[in-house]
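Text of model-v2.cif (mmCIF, C-alpha atoms, pLDDT in the B column; chains and numbers go by the auth columns) as supplied:
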```cif
data_model
loop_
_atom_site.group_PDB
_atom_site.id
_atom_site.type_symbol
_atom_site.label_atom_id
_atom_site.label_comp_id
_atom_site.label_asym_id
_atom_site.label_seq_id
_atom_site.Cartn_x
_atom_site.Cartn_y
_atom_site.Cartn_z
_atom_site.B_iso_or_equiv
_atom_site.auth_seq_id
_atom_site.auth_asym_id
ATOM 1 C CA ASN A 1 1.517 -6.129 11.022 66.00 1 A
ATOM 2 C CA LEU A 2 -2.059 -4.800 11.093 71.00 2 A
ATOM 3 C CA LEU A 3 -3.900 -5.518 14.358 80.00 3 A
ATOM 4 C CA LEU A 4 -7.312 -7.188 14.088 83.00 4 A
ATOM 5 C CA SER A 5 -9.905 -8.668 16.413 85.00 5 A
ATOM 6 C CA GLU A 6 -12.923 -10.951 16.074 86.00 6 A
ATOM 7 C CA ASN A 7 -15.269 -8.121 17.055 87.00 7 A
ATOM 8 C CA THR A 8 -13.787 -5.678 14.558 87.00 8 A
ATOM 9 C CA LEU A 9 -13.966 -8.186 11.717 89.00 9 A
ATOM 10 C CA ALA A 10 -17.531 -9.188 12.621 90.00 10 A
ATOM 11 C CA LYS A 11 -18.615 -5.533 12.473 90.00 11 A
ATOM 12 C CA ILE A 12 -16.804 -4.818 9.212 90.00 12 A
ATOM 13 C CA LEU A 13 -18.198 -7.919 7.511 91.00 13 A
ATOM 14 C CA ASN A 14 -21.601 -7.728 9.240 92.00 14 A
ATOM 15 C CA MET A 15 -21.341 -11.370 10.312 92.00 15 A
ATOM 16 C CA SER A 16 -21.626 -13.325 13.522 91.00 16 A
ATOM 17 C CA ARG A 17 -18.440 -14.211 15.386 89.00 17 A
ATOM 18 C CA THR A 18 -18.702 -17.977 14.764 91.00 18 A
ATOM 19 C CA PRO A 19 -17.762 -17.994 11.028 92.00 19 A
ATOM 20 C CA ILE A 20 -15.196 -15.252 11.739 92.00 20 A
ATOM 21 C CA ARG A 21 -13.610 -17.452 14.417 90.00 21 A
ATOM 22 C CA GLU A 22 -13.459 -20.434 12.057 92.00 22 A
ATOM 23 C CA ALA A 23 -11.897 -18.324 9.312 91.00 23 A
ATOM 24 C CA ILE A 24 -9.316 -16.980 11.758 90.00 24 A
ATOM 25 C CA LYS A 25 -8.357 -20.519 12.820 89.00 25 A
ATOM 26 C CA ARG A 26 -7.763 -21.448 9.196 85.00 26 A
ATOM 27 C CA LEU A 27 -5.738 -18.290 8.521 86.00 27 A
ATOM 28 C CA GLU A 28 -3.649 -18.953 11.628 85.00 28 A
ATOM 29 C CA ALA A 29 -3.025 -22.535 10.489 79.00 29 A
ATOM 30 C CA GLU A 30 -1.817 -21.213 7.140 75.00 30 A
ATOM 31 C CA SER A 31 0.413 -18.574 8.831 74.00 31 A
ATOM 32 C CA TYR A 32 -1.477 -15.535 7.562 80.00 32 A
ATOM 33 C CA LEU A 33 -2.506 -14.460 11.062 86.00 33 A
ATOM 34 C CA LYS A 34 -0.883 -14.759 14.475 85.00 34 A
ATOM 35 C CA SER A 35 -2.764 -14.534 17.771 84.00 35 A
ATOM 36 C CA VAL A 36 -0.950 -12.558 20.472 83.00 36 A
ATOM 37 C CA ASP A 37 -2.322 -12.740 24.023 80.00 37 A
ATOM 38 C CA GLY A 38 -3.517 -9.384 25.277 75.00 38 A
ATOM 39 C CA VAL A 39 -2.945 -7.741 21.908 78.00 39 A
ATOM 40 C CA GLY A 40 -5.140 -9.393 19.285 82.00 40 A
ATOM 41 C CA LEU A 41 -4.563 -10.796 15.838 86.00 41 A
ATOM 42 C CA ILE A 42 -1.606 -9.679 13.770 87.00 42 A
ATOM 43 C CA VAL A 43 -1.413 -9.988 9.989 83.00 43 A
ATOM 44 C CA GLN A 44 1.889 -11.761 9.473 80.00 44 A
ATOM 45 C CA GLU A 45 4.408 -10.553 6.939 80.00 45 A
ATOM 46 C CA LEU A 46 6.656 -12.903 5.003 79.00 46 A
ATOM 47 C CA SER A 47 10.387 -12.478 5.499 86.00 47 A
ATOM 48 C CA LEU A 48 12.924 -12.552 2.674 89.00 48 A
ATOM 49 C CA LYS A 49 13.935 -15.991 3.935 90.00 49 A
ATOM 50 C CA ASP A 50 10.314 -17.168 3.633 88.00 50 A
ATOM 51 C CA LEU A 51 10.096 -15.835 0.088 90.00 51 A
ATOM 52 C CA ALA A 52 13.439 -17.340 -0.927 93.00 52 A
ATOM 53 C CA GLU A 53 12.206 -20.755 0.221 93.00 53 A
ATOM 54 C CA ILE A 54 8.871 -20.301 -1.570 92.00 54 A
ATOM 55 C CA TYR A 55 10.593 -19.360 -4.820 94.00 55 A
ATOM 56 C CA GLU A 56 12.958 -22.314 -4.568 95.00 56 A
ATOM 57 C CA VAL A 57 9.985 -24.652 -4.257 95.00 57 A
ATOM 58 C CA ARG A 58 8.120 -22.773 -6.992 93.00 58 A
ATOM 59 C CA ILE A 59 10.930 -23.339 -9.492 95.00 59 A
ATOM 60 C CA ALA A 60 10.930 -27.077 -8.854 95.00 60 A
ATOM 61 C CA LEU A 61 7.148 -27.446 -9.000 94.00 61 A
ATOM 62 C CA GLU A 62 6.581 -25.352 -12.128 92.00 62 A
ATOM 63 C CA LYS A 63 9.221 -27.413 -13.921 93.00 63 A
ATOM 64 C CA VAL A 64 7.511 -30.640 -12.812 91.00 64 A
ATOM 65 C CA ALA A 65 4.167 -29.316 -14.011 89.00 65 A
ATOM 66 C CA LEU A 66 5.655 -28.369 -17.379 87.00 66 A
ATOM 67 C CA GLU A 67 7.079 -31.838 -17.899 85.00 67 A
ATOM 68 C CA SER A 68 3.650 -33.435 -17.630 80.00 68 A
ATOM 69 C CA ALA A 69 1.892 -30.716 -19.636 79.00 69 A
ATOM 70 C CA ILE A 70 4.120 -29.706 -22.533 79.00 70 A
ATOM 71 C CA LEU A 71 3.577 -32.844 -24.616 68.00 71 A
ATOM 72 C CA LYS A 72 -0.210 -32.447 -24.416 66.00 72 A
ATOM 73 C CA ILE A 73 -0.434 -28.964 -25.892 61.00 73 A
ATOM 74 C CA ASP A 74 -2.209 -30.000 -29.090 52.00 74 A
ATOM 75 C CA SER A 75 -4.769 -32.456 -27.786 44.00 75 A
ATOM 76 C CA GLN A 76 -5.501 -32.038 -24.101 43.00 76 A
ATOM 77 C CA LYS A 77 -8.421 -29.955 -22.957 43.00 77 A
ATOM 78 C CA ILE A 78 -8.455 -28.316 -19.561 40.00 78 A
ATOM 79 C CA ASP A 79 -10.756 -30.331 -17.314 42.00 79 A
ATOM 80 C CA ASN A 80 -11.633 -30.291 -13.628 42.00 80 A
ATOM 81 C CA LEU A 81 -10.789 -26.628 -13.170 38.00 81 A
ATOM 82 C CA GLU A 82 -11.859 -24.405 -10.330 40.00 82 A
ATOM 83 C CA SER A 83 -15.064 -22.451 -10.961 40.00 83 A
ATOM 84 C CA GLU A 84 -13.226 -19.255 -11.868 43.00 84 A
ATOM 85 C CA ASP A 85 -11.462 -21.127 -14.678 47.00 85 A
ATOM 86 C CA LYS A 86 -14.570 -22.716 -16.226 39.00 86 A
ATOM 87 C CA VAL A 87 -14.729 -20.007 -18.865 38.00 87 A
ATOM 88 C CA ILE A 88 -11.672 -21.445 -20.629 42.00 88 A
ATOM 89 C CA SER A 89 -12.375 -25.137 -20.050 43.00 89 A
ATOM 90 C CA GLU A 90 -13.781 -25.683 -23.552 40.00 90 A
ATOM 91 C CA TYR A 91 -10.675 -24.507 -25.371 53.00 91 A
ATOM 92 C CA LYS A 92 -7.613 -26.530 -26.212 66.00 92 A
ATOM 93 C CA ILE A 93 -4.321 -25.607 -24.642 70.00 93 A
ATOM 94 C CA ARG A 94 -2.931 -24.548 -28.006 72.00 94 A
ATOM 95 C CA ASN A 95 -5.669 -21.944 -28.443 79.00 95 A
ATOM 96 C CA ILE A 96 -5.090 -20.628 -24.940 81.00 96 A
ATOM 97 C CA LEU A 97 -1.377 -20.284 -25.639 83.00 97 A
ATOM 98 C CA ASP A 98 -2.057 -18.476 -28.916 86.00 98 A
ATOM 99 C CA ASN A 99 -4.383 -16.011 -27.187 88.00 99 A
ATOM 100 C CA LEU A 100 -1.899 -15.455 -24.387 91.00 100 A
ATOM 101 C CA GLU A 101 0.903 -14.868 -26.881 93.00 101 A
ATOM 102 C CA SER A 102 -1.189 -12.221 -28.645 94.00 102 A
ATOM 103 C CA GLU A 103 -1.924 -10.515 -25.348 95.00 103 A
ATOM 104 C CA LEU A 104 1.760 -10.461 -24.383 95.00 104 A
ATOM 105 C CA GLU A 105 2.758 -9.099 -27.795 96.00 105 A
ATOM 106 C CA ASN A 106 0.140 -6.376 -27.458 96.00 106 A
ATOM 107 C CA VAL A 107 1.686 -5.310 -24.144 96.00 107 A
ATOM 108 C CA ILE A 108 5.132 -5.080 -25.761 96.00 108 A
ATOM 109 C CA ASN A 109 3.668 -2.963 -28.569 96.00 109 A
ATOM 110 C CA LEU A 110 2.109 -0.618 -26.020 95.00 110 A
ATOM 111 C CA TYR A 111 5.429 -0.249 -24.235 94.00 111 A
ATOM 112 C CA ASN A 112 7.163 0.477 -27.542 95.00 112 A
ATOM 113 C CA LEU A 113 4.648 3.276 -28.107 94.00 113 A
ATOM 114 C CA ASP A 114 5.503 4.695 -24.657 93.00 114 A
ATOM 115 C CA ASN A 115 2.070 3.932 -23.274 93.00 115 A
ATOM 116 C CA GLN A 116 1.562 3.497 -19.546 88.00 116 A
ATOM 117 C CA ILE A 117 0.227 0.098 -18.511 92.00 117 A
ATOM 118 C CA ASP A 118 -1.760 -0.454 -15.347 91.00 118 A
ATOM 119 C CA ASP A 119 0.198 -2.282 -12.621 88.00 119 A
ATOM 120 C CA GLU A 120 -2.794 -4.400 -11.673 88.00 120 A
ATOM 121 C CA TYR A 121 -3.240 -5.528 -15.283 93.00 121 A
ATOM 122 C CA LEU A 122 0.453 -6.482 -15.484 92.00 122 A
ATOM 123 C CA TYR A 123 0.180 -8.480 -12.268 90.00 123 A
ATOM 124 C CA ASP A 124 -2.958 -10.268 -13.507 91.00 124 A
ATOM 125 C CA LEU A 125 -1.244 -11.072 -16.815 93.00 125 A
ATOM 126 C CA ASP A 126 1.786 -12.416 -14.951 92.00 126 A
ATOM 127 C CA SER A 127 -0.437 -14.701 -12.876 90.00 127 A
ATOM 128 C CA LYS A 128 -2.353 -15.791 -15.953 90.00 128 A
ATOM 129 C CA PHE A 129 0.880 -16.688 -17.738 91.00 129 A
ATOM 130 C CA HIS A 130 2.160 -18.932 -14.948 89.00 130 A
ATOM 131 C CA ASN A 131 -1.257 -20.511 -14.383 86.00 131 A
ATOM 132 C CA VAL A 132 -1.560 -21.417 -18.068 83.00 132 A
ATOM 133 C CA LEU A 133 1.844 -23.100 -17.946 80.00 133 A
ATOM 134 C CA TYR A 134 0.657 -25.742 -15.528 78.00 134 A
ATOM 135 C CA LEU A 135 -3.103 -25.971 -16.143 75.00 135 A
ATOM 136 C CA ALA A 136 -2.600 -28.894 -18.540 72.00 136 A
ATOM 137 C CA SER A 137 -0.543 -30.848 -16.024 80.00 137 A
ATOM 138 C CA GLU A 138 -2.078 -34.087 -14.794 77.00 138 A
ATOM 139 C CA ASN A 139 -0.378 -33.688 -11.406 84.00 139 A
ATOM 140 C CA SER A 140 -3.183 -32.280 -9.271 86.00 140 A
ATOM 141 C CA CYS A 141 -0.971 -32.196 -6.177 90.00 141 A
ATOM 142 C CA VAL A 142 1.538 -29.894 -7.866 90.00 142 A
ATOM 143 C CA LYS A 143 -1.219 -27.600 -9.110 87.00 143 A
ATOM 144 C CA GLU A 144 -2.765 -27.366 -5.646 88.00 144 A
ATOM 145 C CA ILE A 145 0.558 -26.478 -4.003 91.00 145 A
ATOM 146 C CA LEU A 146 1.333 -23.879 -6.693 90.00 146 A
ATOM 147 C CA LYS A 147 -2.024 -22.208 -6.095 87.00 147 A
ATOM 148 C CA THR A 148 -1.261 -22.057 -2.376 86.00 148 A
ATOM 149 C CA LEU A 149 2.149 -20.497 -3.037 89.00 149 A
ATOM 150 C CA GLU A 150 0.593 -17.937 -5.372 87.00 150 A
ATOM 151 C CA ILE A 151 -1.813 -16.859 -2.628 83.00 151 A
ATOM 152 C CA LYS A 152 1.077 -16.426 -0.203 83.00 152 A
ATOM 153 C CA ILE A 153 3.147 -14.176 -2.465 86.00 153 A
ATOM 154 C CA HIS A 154 0.595 -12.302 -4.588 83.00 154 A
ATOM 155 C CA ARG A 155 0.560 -9.116 -2.463 77.00 155 A
ATOM 156 C CA TYR A 156 4.351 -8.884 -2.689 82.00 156 A
ATOM 157 C CA GLN A 157 4.375 -9.507 -6.431 84.00 157 A
ATOM 158 C CA TYR A 158 1.803 -6.777 -6.974 81.00 158 A
ATOM 159 C CA LYS A 159 3.835 -4.367 -4.852 78.00 159 A
ATOM 160 C CA ALA A 160 6.955 -5.239 -6.875 84.00 160 A
ATOM 161 C CA TYR A 161 5.190 -4.268 -10.106 82.00 161 A
ATOM 162 C CA LYS A 162 4.235 -0.921 -8.590 81.00 162 A
ATOM 163 C CA VAL A 163 7.759 0.035 -7.526 81.00 163 A
ATOM 164 C CA SER A 164 10.114 -1.734 -9.955 85.00 164 A
ATOM 165 C CA ASN A 165 9.028 -0.683 -13.475 87.00 165 A
ATOM 166 C CA THR A 166 9.985 -4.124 -14.840 91.00 166 A
ATOM 167 C CA GLY A 167 6.734 -4.915 -16.656 92.00 167 A
ATOM 168 C CA LYS A 168 8.263 -4.790 -20.128 94.00 168 A
ATOM 169 C CA GLU A 169 11.189 -7.062 -19.258 95.00 169 A
ATOM 170 C CA ALA A 170 8.878 -9.541 -17.520 95.00 170 A
ATOM 171 C CA THR A 171 6.610 -9.618 -20.589 96.00 171 A
ATOM 172 C CA ILE A 172 9.554 -10.203 -22.937 96.00 172 A
ATOM 173 C CA GLN A 173 10.683 -13.121 -20.792 96.00 173 A
ATOM 174 C CA HIS A 174 7.151 -14.536 -20.746 95.00 174 A
ATOM 175 C CA LEU A 175 7.020 -14.397 -24.544 95.00 175 A
ATOM 176 C CA ASP A 176 10.367 -16.182 -24.889 95.00 176 A
ATOM 177 C CA ILE A 177 9.178 -18.970 -22.599 93.00 177 A
ATOM 178 C CA LEU A 178 5.816 -19.255 -24.325 91.00 178 A
ATOM 179 C CA LYS A 179 7.361 -19.626 -27.772 90.00 179 A
ATOM 180 C CA GLU A 180 9.518 -22.514 -26.579 90.00 180 A
ATOM 181 C CA VAL A 181 6.505 -24.121 -24.888 87.00 181 A
ATOM 182 C CA LYS A 182 4.660 -24.052 -28.216 83.00 182 A
ATOM 183 C CA ASN A 183 7.743 -25.594 -29.852 85.00 183 A
ATOM 184 C CA LYS A 184 7.726 -28.308 -27.138 84.00 184 A
ATOM 185 C CA ASN A 185 11.383 -27.631 -26.389 89.00 185 A
ATOM 186 C CA LEU A 186 11.209 -28.922 -22.823 90.00 186 A
ATOM 187 C CA GLU A 187 14.826 -28.484 -21.707 93.00 187 A
ATOM 188 C CA LYS A 188 15.064 -24.943 -23.054 94.00 188 A
ATOM 189 C CA VAL A 189 11.713 -24.048 -21.491 92.00 189 A
ATOM 190 C CA LYS A 190 12.834 -25.360 -18.106 94.00 190 A
ATOM 191 C CA ASN A 191 16.048 -23.339 -18.267 96.00 191 A
ATOM 192 C CA LEU A 192 14.229 -20.164 -19.326 96.00 192 A
ATOM 193 C CA LEU A 193 11.582 -20.658 -16.663 95.00 193 A
ATOM 194 C CA GLU A 194 14.133 -21.165 -13.896 96.00 194 A
ATOM 195 C CA SER A 195 16.062 -18.057 -14.963 97.00 195 A
ATOM 196 C CA HIS A 196 12.838 -16.039 -15.123 96.00 196 A
ATOM 197 C CA ILE A 197 11.657 -17.069 -11.654 95.00 197 A
ATOM 198 C CA LYS A 198 15.089 -16.348 -10.155 96.00 198 A
ATOM 199 C CA TRP A 199 15.057 -12.933 -11.836 96.00 199 A
ATOM 200 C CA SER A 200 11.538 -12.324 -10.481 93.00 200 A
ATOM 201 C CA PHE A 201 12.711 -13.116 -6.971 94.00 201 A
ATOM 202 C CA GLU A 202 15.561 -10.611 -7.203 94.00 202 A
ATOM 203 C CA ILE A 203 13.095 -7.922 -8.331 92.00 203 A
ATOM 204 C CA LEU A 204 10.754 -8.846 -5.488 90.00 204 A
ATOM 205 C CA LYS A 205 13.596 -8.838 -2.955 91.00 205 A
ATOM 206 C CA ALA A 206 14.672 -5.351 -4.034 89.00 206 A
ATOM 207 C CA ALA A 207 11.075 -4.117 -3.692 84.00 207 A
ATOM 208 C CA MET A 208 10.762 -5.604 -0.211 84.00 208 A
ATOM 209 C CA LEU A 209 14.025 -4.064 0.937 86.00 209 A
ATOM 210 C CA LYS A 210 12.658 -0.676 -0.124 81.00 210 A
ATOM 211 C CA GLU A 211 9.764 -1.368 2.247 75.00 211 A
ATOM 212 C CA ASN A 212 12.238 -2.389 5.004 73.00 212 A
ATOM 213 C CA ILE A 213 11.034 -5.995 4.913 68.00 213 A
ATOM 214 C CA LYS A 214 13.942 -8.312 5.718 69.00 214 A
#
```

Please lay out the structure from this file as structure tokens.
Amino acid sequence: NLLLSENTLAKILNMSRTPIREAIKRLEAESYLKSVDGVGLIVQELSLKDLAEIYEVRIALEKVALESAILKIDSQKIDNLESEDKVISEYKIRNILDNLESELENVINLYNLDNQIDDEYLYDLDSKFHNVLYLASENSCVKEILKTLEIKIHRYQYKAYKVSNTGKEATIQHLDILKEVKNKNLEKVKNLLESHIKWSFEILKAAMLKENIK
């Protein structure tokens, strides 16, 4: 619900108003901003209903992505990735999964030693886990939609990590899913994934209610 204006943004970013205006149009089209006559631009907040719908779609799409990816774990390389993913494009999916498994196990070990783990790191690891699950999918449409959904909910997910103290449980669930992915047990993976995403939504909903977001 933050109020913004073209002039304010242009000054903050030290840019002319033309690119700012174009960016605002795009953000309005994607429901991130809302223009209110006589008031300015308002940063829109997602409602619980919005998030429930997003998570319902997310479950279906991640399961579709898994179906087309899980049988290619040993041989498929990750191609045609966005620039930020180029660093891992030379590795096979199996190697990526092994590295991710080691990272998740390290987090569990840190928790068992009563170490504090940075919320931002936990959020980044959560995103990395879900991204890896569908990177090998050949369905580019599904991957594009999932990236869009991730952008919509990332600020709420990060907030949930800060207030819920569920990092260890989330990591345990990620490890369980990952092990079944490596075993190519598709039906079990789909069931675990659906349960995990539903659990994640309940954690997120509780965090939002604490912030009086309904």

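Atom CA of Ala207 of chain A to atom CA of Lys159 of chain A spans 7.3 Å [interatomic distance, one decimal].
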
Ranking A:Lys168, A:Asp37, A:Ala206, A:Tyr55 by minimum distance to Asp114 of chain A and counting all atoms listed in the file, which one comes first?
A:Lys168

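Evaluated on this file, the PyMOL selection byres ((chain A and resi 194) around 12) matches Tyr55, Glu56, Val57, Arg58, Ile59, Ala60, Leu61, Glu62, Lys63, Val64, Leu66, Gln173, His174, Ile177, Glu187, Lys188, Val189, Lys190, Asn191, Leu192, Leu193, Ser195, His196, Ile197, Lys198, Trp199, Ser200 and Phe201 of chain A.
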
Run through the PyMOL selection byres ((chain A and resi 143) around 12) on the given coordinates and return the selected residues as a PyMOL selection string.
chain A and resi 58+61-66+68-69+80-82+130-142+144-150

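Take atom CA of Ser47 of chain A and atom CA of Lys210 of chain A: the distance between them is 13.3 Å.
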
Record the distance separating atom CA of Asn106 of chain A and atom CA of Leu175 of chain A, expressed in Å with one decimal.
11.0 Å

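Near Tyr32 of chain A, within a cut-off of 7 Å and counting all atoms listed in the file, sit the residues A:Leu27, A:Glu28, A:Val43, A:Gln44, with same-chain residues fewer than 3 positions away left out.
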
Applied to this file, what does the PyMOL selection byres ((chain A and resi 165) around 12) return in terms of residues, put as number ranges by chain?
A: 111, 116-119, 122-123, 158-164, 166-171, 203-204, 206-207

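The closest residue to Leu48 of chain A, picked from A:Thr8, A:Asp176, A:Val181, A:Tyr156 and counting only C-alpha atoms, is A:Tyr156.
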
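Omitting segment 9-17 of chain A and its sequence neighbours fewer than 6 positions away, and counting only C-alpha atoms, the residues within 12 Å are A:Leu3, A:Ala23, A:Ile24, A:Gly40, A:Leu41.
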
Dump C-alpha atoms for the selected residues as a PDB file, keeping the file's coordinate frame?
```pdb
ATOM      1  CA  LEU A   3      -3.900  -5.518  14.358  1.00 80.00           C
ATOM      2  CA  ALA A  23     -11.897 -18.324   9.312  1.00 91.00           C
ATOM      3  CA  ILE A  24      -9.316 -16.980  11.758  1.00 90.00           C
ATOM      4  CA  GLY A  40      -5.140  -9.393  19.285  1.00 82.00           C
ATOM      5  CA  LEU A  41      -4.563 -10.796  15.838  1.00 86.00           C
TER       6      LEU A  41
END
```

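The residue that comes closest to Ile96 of chain A, out of A:Arg155, A:Arg21, A:Lys182, A:Lys34 and on the basis of all atoms listed in the file, is A:Lys182.
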
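If only C-alpha atoms are the atoms counted, then among A:Leu51, A:Leu4, A:Leu178, A:Met208 the closest residue to Glu103 of chain A is A:Leu178.
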
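Closest approach to Ile70 of chain A from the set A:Asp50, A:Leu104, A:Ile93, A:Ile20 is made by A:Ile93, with distances taken over only C-alpha atoms.
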
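With all atoms listed in the file as the atoms that count, the minimum distance from Val39 of chain A to the choices A:Ser5, A:Asn212, A:Asn185, A:Asn99 is reached by A:Ser5.
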
Place N, CA and C atoms on segment 175-194 of chain A and deliver the coordinates as a PDB file, keeping the file's coordinate frame.
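So part-v6.pdb came out as:
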```pdb
ATOM      1  N   LEU A 175       7.156 -14.059 -23.120  1.00 95.00           N
ATOM      2  CA  LEU A 175       7.020 -14.397 -24.544  1.00 95.00           C
ATOM      3  C   LEU A 175       8.067 -15.415 -24.975  1.00 95.00           C
ATOM      4  N   ASP A 176       9.301 -15.232 -24.537  1.00 95.00           N
ATOM      5  CA  ASP A 176      10.367 -16.182 -24.889  1.00 95.00           C
ATOM      6  C   ASP A 176      10.041 -17.581 -24.393  1.00 95.00           C
ATOM      7  N   ILE A 177       9.545 -17.670 -23.171  1.00 93.00           N
ATOM      8  CA  ILE A 177       9.178 -18.970 -22.599  1.00 93.00           C
ATOM      9  C   ILE A 177       8.020 -19.578 -23.376  1.00 93.00           C
ATOM     10  N   LEU A 178       7.017 -18.761 -23.651  1.00 91.00           N
ATOM     11  CA  LEU A 178       5.816 -19.255 -24.325  1.00 91.00           C
ATOM     12  C   LEU A 178       6.130 -19.818 -25.707  1.00 91.00           C
ATOM     13  N   LYS A 179       7.009 -19.150 -26.433  1.00 90.00           N
ATOM     14  CA  LYS A 179       7.361 -19.626 -27.772  1.00 90.00           C
ATOM     15  C   LYS A 179       8.031 -20.995 -27.722  1.00 90.00           C
ATOM     16  N   GLU A 180       8.863 -21.213 -26.708  1.00 90.00           N
ATOM     17  CA  GLU A 180       9.518 -22.514 -26.579  1.00 90.00           C
ATOM     18  C   GLU A 180       8.546 -23.591 -26.090  1.00 90.00           C
ATOM     19  N   VAL A 181       7.550 -23.176 -25.295  1.00 87.00           N
ATOM     20  CA  VAL A 181       6.505 -24.121 -24.888  1.00 87.00           C
ATOM     21  C   VAL A 181       5.759 -24.614 -26.115  1.00 87.00           C
ATOM     22  N   LYS A 182       5.393 -23.687 -27.004  1.00 83.00           N
ATOM     23  CA  LYS A 182       4.660 -24.052 -28.216  1.00 83.00           C
ATOM     24  C   LYS A 182       5.505 -24.920 -29.139  1.00 83.00           C
ATOM     25  N   ASN A 183       6.832 -24.750 -29.062  1.00 85.00           N
ATOM     26  CA  ASN A 183       7.743 -25.594 -29.852  1.00 85.00           C
ATOM     27  C   ASN A 183       8.042 -26.922 -29.162  1.00 85.00           C
ATOM     28  N   LYS A 184       7.520 -27.097 -27.939  1.00 84.00           N
ATOM     29  CA  LYS A 184       7.726 -28.308 -27.138  1.00 84.00           C
ATOM     30  C   LYS A 184       9.206 -28.571 -26.856  1.00 84.00           C
ATOM     31  N   ASN A 185       9.958 -27.514 -26.697  1.00 89.00           N
ATOM     32  CA  ASN A 185      11.383 -27.631 -26.389  1.00 89.00           C
ATOM     33  C   ASN A 185      11.533 -27.639 -24.867  1.00 89.00           C
ATOM     34  N   LEU A 186      11.343 -28.812 -24.268  1.00 90.00           N
ATOM     35  CA  LEU A 186      11.209 -28.922 -22.823  1.00 90.00           C
ATOM     36  C   LEU A 186      12.438 -28.414 -22.072  1.00 90.00           C
ATOM     37  N   GLU A 187      13.631 -28.858 -22.458  1.00 93.00           N
ATOM     38  CA  GLU A 187      14.826 -28.484 -21.707  1.00 93.00           C
ATOM     39  C   GLU A 187      15.073 -26.979 -21.766  1.00 93.00           C
ATOM     40  N   LYS A 188      14.871 -26.386 -22.938  1.00 94.00           N
ATOM     41  CA  LYS A 188      15.064 -24.943 -23.054  1.00 94.00           C
ATOM     42  C   LYS A 188      14.021 -24.191 -22.239  1.00 94.00           C
ATOM     43  N   VAL A 189      12.779 -24.675 -22.261  1.00 92.00           N
ATOM     44  CA  VAL A 189      11.713 -24.048 -21.491  1.00 92.00           C
ATOM     45  C   VAL A 189      12.045 -24.086 -20.000  1.00 92.00           C
ATOM     46  N   LYS A 190      12.512 -25.219 -19.527  1.00 94.00           N
ATOM     47  CA  LYS A 190      12.834 -25.360 -18.106  1.00 94.00           C
ATOM     48  C   LYS A 190      13.946 -24.401 -17.703  1.00 94.00           C
ATOM     49  N   ASN A 191      14.947 -24.259 -18.563  1.00 96.00           N
ATOM     50  CA  ASN A 191      16.048 -23.339 -18.267  1.00 96.00           C
ATOM     51  C   ASN A 191      15.569 -21.879 -18.255  1.00 96.00           C
ATOM     52  N   LEU A 192      14.758 -21.526 -19.256  1.00 96.00           N
ATOM     53  CA  LEU A 192      14.229 -20.164 -19.326  1.00 96.00           C
ATOM     54  C   LEU A 192      13.324 -19.866 -18.133  1.00 96.00           C
ATOM     55  N   LEU A 193      12.512 -20.837 -17.778  1.00 95.00           N
ATOM     56  CA  LEU A 193      11.582 -20.658 -16.663  1.00 95.00           C
ATOM     57  C   LEU A 193      12.334 -20.469 -15.346  1.00 95.00           C
ATOM     58  N   GLU A 194      13.349 -21.290 -15.126  1.00 96.00           N
ATOM     59  CA  GLU A 194      14.133 -21.165 -13.896  1.00 96.00           C
ATOM     60  C   GLU A 194      14.821 -19.801 -13.830  1.00 96.00           C
TER      61      GLU A 194
END
```
